[in-house]
file start-v5.cif (mmCIF, C-alpha atoms)
data_my_file
loop_
_atom_site.group_PDB
_atom_site.id
_atom_site.type_symbol
_atom_site.label_atom_id
_atom_site.label_comp_id
_atom_site.auth_asym_id
_atom_site.auth_seq_id
_atom_site.Cartn_x
_atom_site.Cartn_y
_atom_site.Cartn_z
ATOM 1 C CA SER A 1 -16.809 -34.440 10.584
ATOM 2 C CA ALA A 2 -18.704 -32.030 8.355
ATOM 3 C CA GLY A 3 -18.320 -29.367 11.028
ATOM 4 C CA ASN A 4 -14.540 -29.573 10.849
ATOM 5 C CA THR A 5 -14.559 -29.416 7.097
ATOM 6 C CA ALA A 6 -16.648 -26.253 7.130
ATOM 7 C CA GLU A 7 -14.329 -24.791 9.734
ATOM 8 C CA GLY A 8 -11.298 -25.663 7.617
ATOM 9 C CA THR A 9 -12.890 -23.988 4.629
ATOM 10 C CA ALA A 10 -13.676 -20.875 6.647
ATOM 11 C CA ASP A 11 -10.049 -20.780 7.794
ATOM 12 C CA SER A 12 -8.554 -20.926 4.339
ATOM 13 C CA SER A 13 -11.094 -18.461 2.946
ATOM 14 C CA VAL A 14 -9.969 -15.840 5.475
ATOM 15 C CA VAL A 15 -6.664 -15.505 3.683
ATOM 16 C CA GLY A 16 -8.544 -16.068 0.426
ATOM 17 C CA ASP A 17 -10.136 -12.653 1.064
ATOM 18 C CA TRP A 18 -6.682 -11.052 1.257
ATOM 19 C CA LYS A 19 -5.524 -9.682 -2.070
ATOM 20 C CA PHE A 20 -1.779 -10.179 -2.128
ATOM 21 C CA GLY A 21 0.319 -8.070 -4.450
ATOM 22 C CA ILE A 22 2.991 -5.422 -4.687
ATOM 23 C CA ALA A 23 3.337 -1.660 -4.474
ATOM 24 C CA LEU A 24 5.238 -0.561 -7.578
ATOM 25 C CA TRP A 25 7.366 1.811 -5.503
ATOM 26 C CA THR A 26 9.336 -1.417 -4.862
ATOM 27 C CA PHE A 27 10.688 -1.032 -8.411
ATOM 28 C CA HIS A 28 11.110 2.757 -8.374
ATOM 29 C CA THR A 29 14.593 2.553 -9.934
ATOM 30 C CA VAL A 30 13.101 1.382 -13.258
ATOM 31 C CA ASP A 31 10.265 2.744 -15.384
ATOM 32 C CA PHE A 32 6.644 1.574 -15.326
ATOM 33 C CA PRO A 33 6.805 -1.052 -18.128
ATOM 34 C CA GLN A 34 10.009 -2.537 -16.643
ATOM 35 C CA SER A 35 8.392 -2.658 -13.193
ATOM 36 C CA LEU A 36 5.492 -4.668 -14.668
ATOM 37 C CA ASP A 37 8.012 -7.184 -16.067
ATOM 38 C CA LYS A 38 9.425 -7.628 -12.564
ATOM 39 C CA VAL A 39 5.970 -8.089 -11.006
ATOM 40 C CA ASP A 40 5.340 -10.728 -13.652
ATOM 41 C CA SER A 41 8.583 -12.517 -12.688
ATOM 42 C CA ALA A 42 7.501 -12.524 -9.027
ATOM 43 C CA GLY A 43 4.200 -14.182 -9.968
ATOM 44 C CA LEU A 44 1.987 -11.521 -8.364
ATOM 45 C CA VAL A 45 -1.281 -10.160 -9.785
ATOM 46 C CA TYR A 46 -2.350 -7.109 -7.748
ATOM 47 C CA ILE A 47 -0.304 -3.946 -8.166
ATOM 48 C CA GLU A 48 -0.464 -0.550 -6.472
ATOM 49 C CA PRO A 49 1.100 1.977 -8.882
ATOM 50 C CA ASN A 50 1.980 5.529 -7.840
ATOM 51 C CA THR A 51 1.467 8.735 -9.803
ATOM 52 C CA PHE A 52 5.150 9.758 -9.612
ATOM 53 C CA HIS A 53 6.450 6.744 -11.588
ATOM 54 C CA LYS A 54 7.990 7.378 -15.030
ATOM 55 C CA ALA A 55 5.575 5.961 -17.592
ATOM 56 C CA GLY A 56 8.248 4.673 -19.993
ATOM 57 C CA PRO A 57 9.682 5.582 -23.421
ATOM 58 C CA ASP A 58 6.395 5.070 -25.320
ATOM 59 C CA LEU A 59 4.909 7.820 -23.142
ATOM 60 C CA LYS A 60 7.927 10.163 -23.364
ATOM 61 C CA ASP A 61 9.017 9.164 -19.839
ATOM 62 C CA SER A 62 6.355 11.481 -18.395
ATOM 63 C CA LEU A 63 5.328 10.930 -14.793
ATOM 64 C CA ILE A 64 1.990 9.132 -14.580
ATOM 65 C CA LEU A 65 0.410 12.237 -13.000
ATOM 66 C CA GLN A 66 1.257 14.229 -16.156
ATOM 67 C CA LEU A 67 -0.379 11.794 -18.588
ATOM 68 C CA SER A 68 -3.467 12.655 -20.629
ATOM 69 C CA PRO A 69 -6.500 10.328 -20.485
ATOM 70 C CA ALA A 70 -5.163 8.718 -23.698
ATOM 71 C CA GLY A 71 -1.846 8.109 -21.903
ATOM 72 C CA ILE A 72 -3.638 6.497 -18.956
ATOM 73 C CA ASP A 73 -5.443 4.238 -21.436
ATOM 74 C CA LYS A 74 -2.032 3.118 -22.736
ATOM 75 C CA LEU A 75 -0.994 2.286 -19.161
ATOM 76 C CA LYS A 76 -4.195 0.298 -18.714
ATOM 77 C CA ALA A 77 -3.413 -1.642 -21.886
ATOM 78 C CA MET A 78 0.113 -2.445 -20.602
ATOM 79 C CA ILE A 79 -1.341 -3.678 -17.308
ATOM 80 C CA ALA A 80 -4.048 -5.760 -19.000
ATOM 81 C CA ALA A 81 -1.509 -7.314 -21.379
ATOM 82 C CA LYS A 82 0.317 -8.727 -18.336
ATOM 83 C CA GLY A 83 -2.914 -9.939 -16.693
ATOM 84 C CA LEU A 84 -2.313 -7.649 -13.700
ATOM 85 C CA LYS A 85 -4.983 -5.895 -11.606
ATOM 86 C CA VAL A 86 -5.006 -2.340 -10.243
ATOM 87 C CA GLU A 87 -7.427 -1.757 -7.370
ATOM 88 C CA SER A 88 -5.557 1.080 -5.645
ATOM 89 C CA ILE A 89 -2.990 3.755 -6.490
ATOM 90 C CA TYR A 90 -0.675 5.874 -4.340
ATOM 91 C CA ILE A 91 -1.317 9.566 -4.993
ATOM 92 C CA VAL A 92 0.206 12.832 -3.776
ATOM 93 C CA GLY A 93 -1.595 16.138 -4.148
ATOM 94 C CA ASP A 94 -0.494 19.591 -3.070
ATOM 95 C CA SER A 95 -2.480 22.128 -1.045
ATOM 96 C CA THR A 96 -4.982 22.824 -3.855
ATOM 97 C CA VAL A 97 -8.191 20.919 -4.466
ATOM 98 C CA ASP A 98 -7.404 20.972 -8.198
ATOM 99 C CA SER A 99 -4.256 18.906 -7.732
ATOM 100 C CA TRP A 100 -6.220 16.307 -5.770
ATOM 101 C CA LYS A 101 -8.976 16.331 -8.367
ATOM 102 C CA LYS A 102 -6.454 15.600 -11.109
ATOM 103 C CA GLN A 103 -5.125 12.607 -9.164
ATOM 104 C CA PHE A 104 -8.635 11.337 -8.427
ATOM 105 C CA ASP A 105 -9.361 11.589 -12.182
ATOM 106 C CA ILE A 106 -6.432 9.252 -12.862
ATOM 107 C CA ALA A 107 -7.518 6.911 -10.053
ATOM 108 C CA LYS A 108 -11.064 6.812 -11.409
ATOM 109 C CA GLN A 109 -9.886 6.112 -14.959
ATOM 110 C CA LEU A 110 -7.757 3.217 -13.669
ATOM 111 C CA GLY A 111 -10.855 1.856 -11.934
ATOM 112 C CA VAL A 112 -9.424 1.666 -8.412
ATOM 113 C CA GLN A 113 -11.356 1.021 -5.203
ATOM 114 C CA PHE A 114 -9.159 3.333 -3.130
ATOM 115 C CA VAL A 115 -6.281 5.791 -3.219
ATOM 116 C CA THR A 116 -3.416 5.466 -0.745
ATOM 117 C CA THR A 117 -2.223 8.876 0.416
ATOM 118 C CA GLU A 118 -1.435 11.314 3.252
ATOM 119 C CA PRO A 119 -3.988 14.132 3.033
ATOM 120 C CA PRO A 120 -2.967 17.551 4.413
ATOM 121 C CA LEU A 121 -4.544 18.133 7.839
ATOM 122 C CA ASN A 122 -6.455 21.200 6.647
ATOM 123 C CA MET A 123 -7.953 19.330 3.672
ATOM 124 C CA TRP A 124 -9.692 16.424 5.385
ATOM 125 C CA ASP A 125 -13.176 17.726 4.561
ATOM 126 C CA ALA A 126 -12.316 18.614 0.962
ATOM 127 C CA ILE A 127 -10.617 15.293 0.211
ATOM 128 C CA ASP A 128 -13.329 13.278 1.965
ATOM 129 C CA SER A 129 -15.995 14.952 -0.146
ATOM 130 C CA LEU A 130 -13.956 14.447 -3.349
ATOM 131 C CA ALA A 131 -13.683 10.773 -2.452
ATOM 132 C CA GLY A 132 -17.460 10.664 -2.048
ATOM 133 C CA VAL A 133 -18.043 12.324 -5.423
ATOM 134 C CA TYR A 134 -15.615 9.970 -7.196
ATOM 135 C CA GLY A 135 -16.814 6.860 -5.363
ATOM 136 C CA VAL A 136 -13.235 6.048 -4.372
ATOM 137 C CA LYS A 137 -12.086 5.434 -0.788
ATOM 138 C CA VAL A 138 -9.047 7.103 0.797
ATOM 139 C CA ALA A 139 -6.556 4.877 2.657
ATOM 140 C CA ILE A 140 -4.420 7.055 4.931
ATOM 141 C CA HIS A 141 -0.774 5.988 4.772
ATOM 142 C CA GLU A 142 1.893 6.894 7.320
ATOM 143 C CA HIS A 143 5.507 7.882 6.923
ATOM 144 C CA TRP A 144 7.613 8.438 10.034
ATOM 145 C CA LYS A 145 7.933 11.149 12.645
ATOM 146 C CA GLY A 146 9.266 14.425 11.234
ATOM 147 C CA VAL A 147 8.044 13.553 7.733
ATOM 148 C CA SER A 148 4.382 12.708 8.288
ATOM 149 C CA HIS A 149 1.552 13.865 10.560
ATOM 150 C CA TYR A 150 0.300 10.286 10.487
ATOM 151 C CA TRP A 151 3.289 8.607 12.174
ATOM 152 C CA ASN A 152 1.038 8.399 15.243
ATOM 153 C CA PRO A 153 -2.087 6.243 14.725
ATOM 154 C CA ASP A 154 -4.035 8.675 16.956
ATOM 155 C CA THR A 155 -3.834 11.329 14.219
ATOM 156 C CA THR A 156 -5.166 8.813 11.701
ATOM 157 C CA LEU A 157 -8.084 8.031 14.021
ATOM 158 C CA MET A 158 -8.828 11.767 14.276
ATOM 159 C CA ALA A 159 -8.840 12.032 10.477
ATOM 160 C CA ILE A 160 -11.206 9.065 10.092
ATOM 161 C CA ASN A 161 -13.631 10.480 12.658
ATOM 162 C CA GLY A 162 -16.429 12.239 10.780
ATOM 163 C CA HIS A 163 -14.941 11.421 7.362
ATOM 164 C CA PRO A 164 -16.849 8.392 6.069
ATOM 165 C CA ASN A 165 -14.598 7.840 3.040
ATOM 166 C CA PHE A 166 -11.369 7.661 5.084
ATOM 167 C CA TYR A 167 -9.741 4.326 5.899
ATOM 168 C CA VAL A 168 -6.176 3.143 6.583
ATOM 169 C CA CYS A 169 -3.211 1.751 4.683
ATOM 170 C CA ALA A 170 -0.981 0.291 7.413
ATOM 171 C CA ASP A 171 2.712 0.586 6.534
ATOM 172 C CA LEU A 172 4.146 -1.981 8.930
ATOM 173 C CA GLY A 173 7.787 -1.035 8.421
ATOM 174 C CA HIS A 174 7.331 2.721 8.831
ATOM 175 C CA TRP A 175 5.712 2.679 12.290
ATOM 176 C CA PRO A 176 8.799 1.263 14.069
ATOM 177 C CA LYS A 177 10.878 4.197 12.751
ATOM 178 C CA SER A 178 8.726 6.395 15.006
ATOM 179 C CA GLY A 179 8.891 3.962 17.938
ATOM 180 C CA ILE A 180 5.369 2.619 17.312
ATOM 181 C CA ASN A 181 4.838 -1.126 17.613
ATOM 182 C CA PRO A 182 3.019 -2.078 14.383
ATOM 183 C CA LEU A 183 0.955 -4.776 16.119
ATOM 184 C CA ASP A 184 -0.348 -2.195 18.620
ATOM 185 C CA ALA A 185 -1.132 0.209 15.757
ATOM 186 C CA VAL A 186 -2.995 -2.484 13.803
ATOM 187 C CA LYS A 187 -5.066 -3.242 16.931
ATOM 188 C CA LYS A 188 -5.782 0.456 17.498
ATOM 189 C CA LEU A 189 -6.942 0.919 13.893
ATOM 190 C CA SER A 190 -9.123 -2.197 13.888
ATOM 191 C CA GLY A 191 -12.059 -1.993 11.493
ATOM 192 C CA HIS A 192 -10.499 0.802 9.433
ATOM 193 C CA ILE A 193 -7.644 -0.978 7.617
ATOM 194 C CA ILE A 194 -8.226 -1.699 3.916
ATOM 195 C CA GLY A 195 -4.602 -1.843 2.741
ATOM 196 C CA ILE A 196 -1.294 -3.073 4.130
ATOM 197 C CA HIS A 197 2.233 -2.222 3.026
ATOM 198 C CA LEU A 198 4.159 -5.331 3.965
ATOM 199 C CA LYS A 199 7.527 -4.049 5.077
ATOM 200 C CA ASP A 200 10.110 -4.862 7.755
ATOM 201 C CA ILE A 201 12.853 -2.867 9.475
ATOM 202 C CA ALA A 202 15.968 -3.881 11.426
ATOM 203 C CA ALA A 203 15.438 -1.709 14.527
ATOM 204 C CA TYR A 204 13.083 0.685 16.284
ATOM 205 C CA ASN A 205 13.478 4.474 16.471
ATOM 206 C CA ASP A 206 15.936 4.981 13.622
ATOM 207 C CA PRO A 207 14.402 6.970 10.735
ATOM 208 C CA SER A 208 17.611 6.711 8.704
ATOM 209 C CA LEU A 209 17.189 2.947 8.213
ATOM 210 C CA ARG A 210 16.095 1.430 4.913
ATOM 211 C CA ASP A 211 13.804 -1.576 5.126
ATOM 212 C CA VAL A 212 14.981 -5.202 5.236
ATOM 213 C CA PRO A 213 13.244 -8.232 3.682
ATOM 214 C CA VAL A 214 10.011 -9.164 5.445
ATOM 215 C CA GLY A 215 10.607 -11.694 8.237
ATOM 216 C CA THR A 216 14.207 -10.614 8.896
ATOM 217 C CA GLY A 217 13.573 -7.513 11.064
ATOM 218 C CA VAL A 218 11.668 -6.463 14.200
ATOM 219 C CA VAL A 219 8.079 -6.739 12.900
ATOM 220 C CA ASP A 220 6.076 -9.676 14.295
ATOM 221 C CA PHE A 221 4.250 -10.744 11.115
ATOM 222 C CA PRO A 222 2.719 -13.976 12.470
ATOM 223 C CA ALA A 223 1.038 -11.972 15.274
ATOM 224 C CA ILE A 224 -0.074 -9.262 12.829
ATOM 225 C CA PHE A 225 -1.551 -11.803 10.394
ATOM 226 C CA GLN A 226 -3.348 -13.432 13.324
ATOM 227 C CA GLU A 227 -4.708 -10.039 14.423
ATOM 228 C CA LEU A 228 -5.867 -9.171 10.881
ATOM 229 C CA LYS A 229 -7.645 -12.504 10.693
ATOM 230 C CA LYS A 230 -9.297 -11.820 14.056
ATOM 231 C CA GLN A 231 -10.417 -8.378 12.801
ATOM 232 C CA GLY A 232 -11.999 -9.952 9.723
ATOM 233 C CA PHE A 233 -9.685 -7.911 7.497
ATOM 234 C CA LYS A 234 -10.612 -8.179 3.830
ATOM 235 C CA GLY A 235 -8.265 -6.089 1.770
ATOM 236 C CA HIS A 236 -5.037 -5.646 -0.103
ATOM 237 C CA ILE A 237 -1.623 -6.656 1.216
ATOM 238 C CA TYR A 238 1.176 -5.175 -0.860
ATOM 239 C CA ILE A 239 4.852 -6.020 -0.616
ATOM 240 C CA GLU A 240 6.721 -2.713 -0.615
ATOM 241 C CA ARG A 241 10.475 -2.221 -0.559
ATOM 242 C CA ASP A 242 12.175 1.151 -0.149
ATOM 243 C CA ALA A 243 15.631 -0.432 -0.402
ATOM 244 C CA GLU A 244 17.506 -0.399 -3.705
ATOM 245 C CA ASP A 245 19.085 -3.845 -3.775
ATOM 246 C CA GLN A 246 21.471 -4.560 -6.654
ATOM 247 C CA PRO A 247 20.791 -5.596 -9.356
ATOM 248 C CA SER A 248 17.153 -5.137 -8.254
ATOM 249 C CA ASN A 249 14.639 -5.763 -5.476
ATOM 250 C CA LEU A 250 13.212 -8.748 -7.370
ATOM 251 C CA PRO A 251 15.113 -11.529 -5.507
ATOM 252 C CA SER A 252 13.995 -10.153 -2.118
ATOM 253 C CA VAL A 253 10.416 -9.841 -3.392
ATOM 254 C CA ILE A 254 10.425 -13.506 -4.434
ATOM 255 C CA GLN A 255 11.753 -14.366 -0.935
ATOM 256 C CA GLU A 256 8.931 -12.279 0.624
ATOM 257 C CA VAL A 257 6.238 -13.982 -1.470
ATOM 258 C CA LYS A 258 7.481 -17.322 -0.132
ATOM 259 C CA TYR A 259 7.519 -15.989 3.454
ATOM 260 C CA TYR A 260 3.965 -14.614 3.133
ATOM 261 C CA ASN A 261 2.664 -17.907 1.746
ATOM 262 C CA GLU A 262 4.374 -19.915 4.494
ATOM 263 C CA GLN A 263 3.096 -17.667 7.301
ATOM 264 C CA THR A 264 -0.485 -17.333 6.069
ATOM 265 C CA ALA A 265 -0.696 -21.103 5.525
ATOM 266 C CA LYS A 266 -0.111 -21.502 9.296
ATOM 267 C CA LEU A 267 -3.020 -19.254 10.346
ATOM 268 C CA LYS A 268 -5.281 -21.133 12.731
#

call {"tool": "encode", "arguments": {"input": "start-v5.cif", "output": "structure tokens"}}
result
Amino acid sequence: SAGNTAEGTADSSVVGDWKFGIALWTFHTVDFPQSLDKVDSAGLVYIEPNTFHKAGPDLKDSLILQLSPAGIDKLKAMIAAKGLKVESIYIVGDSTVDSWKKQFDIAKQLGVQFVTTEPPLNMWDAIDSLAGVYGVKVAIHEHWKGVSHYWNPDTTLMAINGHPNFYVCADLGHWPKSGINPLDAVKKLSGHIIGIHLKDIAAYNDPSLRDVPVGTGVVDFPAIFQELKKQGFKGHIYIERDAEDQPSNLPSVIQEVKYYNEQTAKLK
């Protein structure tokens, strides 16, 4: 019946609203231009660069955060030449507003919708107002206990409260290192998540572990995808590997793309 058809369309469009791509940290052992080649080989379009990536020989191997506006334009040209899209970037500032401003300048020039980052606790107001001025959202990311204040989703909720430009980037493989079930965290942060780092881990409560390919560890991705669908999530889902597989992370990324497509095709 027509009703069923419409329903079917609505179903598929849910995942159609998810922008699937890759965080370039996945290819942190090679420079920026080489990482773009690997993204190309994996058949992905959306990338989340970071400002601590080496920009490549044409740009004197400077870190992205040290590039001039002309240098950032060269990066943009490299990205455009591959047909890739940048709608967020991972940034790290220090305890000065100037350092954050510099990173927001780069983000703005790249034309992103949000920056993924872990703002210092005493700079919530300053960074929220910068985000407002630049018209760029902040997605709070979380490393694990002992490294990040945001290992506990409650801290992230506190940061969001009263800061209208703050949202969440859910790193699904980092939460288990701190003993947090990522499905519970995703539920707790409902309505605030605009980015996902798709990552898996072999066990809970072991910060020394490197990630494993998505679908081979403890994270319940089918349940998380179902929950995101239920929440009406519309955002970016980035594959991110911390591991340094030899010769590269590319084979595991290709495996993860296949896993993602298989799992999201089953969403009912």

call {"tool": "resolve_selection", "arguments": {"input": "start-v5.cif", "expression": "the PyMOL selection byres ((chain A and resi 265) around 12)", "output": "PyMOL selection string"}}
result
chain A and resi 8+11-16+222+225-226+258-264+266-268

call {"tool": "residues_around", "arguments": {"input": "start-v5.cif", "residues": "stretch 148-151 of chain A", "least_positions_apart": "3", "cutoff": "8 Å", "atoms": "only C-alpha atoms", "output": "PyMOL selection string"}}
result
chain A and resi 118+121+140-145+154-156+174-175+178

call {"tool": "residues_around", "arguments": {"input": "start-v5.cif", "residues": "A:Ala81", "least_positions_apart": "4", "cutoff": "12 Å", "atoms": "all atoms listed in the file", "output": "ChimeraX atom specification"}}
result
/A:33,36-37,40,45,74-77,85

call {"tool": "residues_around", "arguments": {"input": "start-v5.cif", "residues": "A:Glu87", "least_positions_apart": "6", "cutoff": "7 Å", "atoms": "only C-alpha atoms", "output": "PDB file with C-alpha atoms, keeping the file's coordinate frame"}}
result
ATOM      1  CA  GLY A 111     -10.855   1.856 -11.934  1.00  0.00           C
ATOM      2  CA  VAL A 112      -9.424   1.666  -8.412  1.00  0.00           C
ATOM      3  CA  GLN A 113     -11.356   1.021  -5.203  1.00  0.00           C
ATOM      4  CA  PHE A 114      -9.159   3.333  -3.130  1.00  0.00           C
TER       5      PHE A 114
END

call {"tool": "residues_around", "arguments": {"input": "start-v5.cif", "residues": "A:Trp124", "least_positions_apart": "5", "cutoff": "8 Å", "atoms": "all atoms listed in the file", "output": "ChimeraX atom specification"}}
result
/A:119,159,163

call {"tool": "atom_distance", "arguments": {"input": "start-v5.cif", "atom1": "atom CA of A:His53", "atom2": "atom CA of A:Ile91"}}
result
10.6 Å

call {"tool": "closest_residue", "arguments": {"input": "start-v5.cif", "among": "A:Arg241, A:Lys19, A:Lys229, A:Lys137", "to": "A:Leu172", "atoms": "all atoms listed in the file"}}
result
A:Arg241
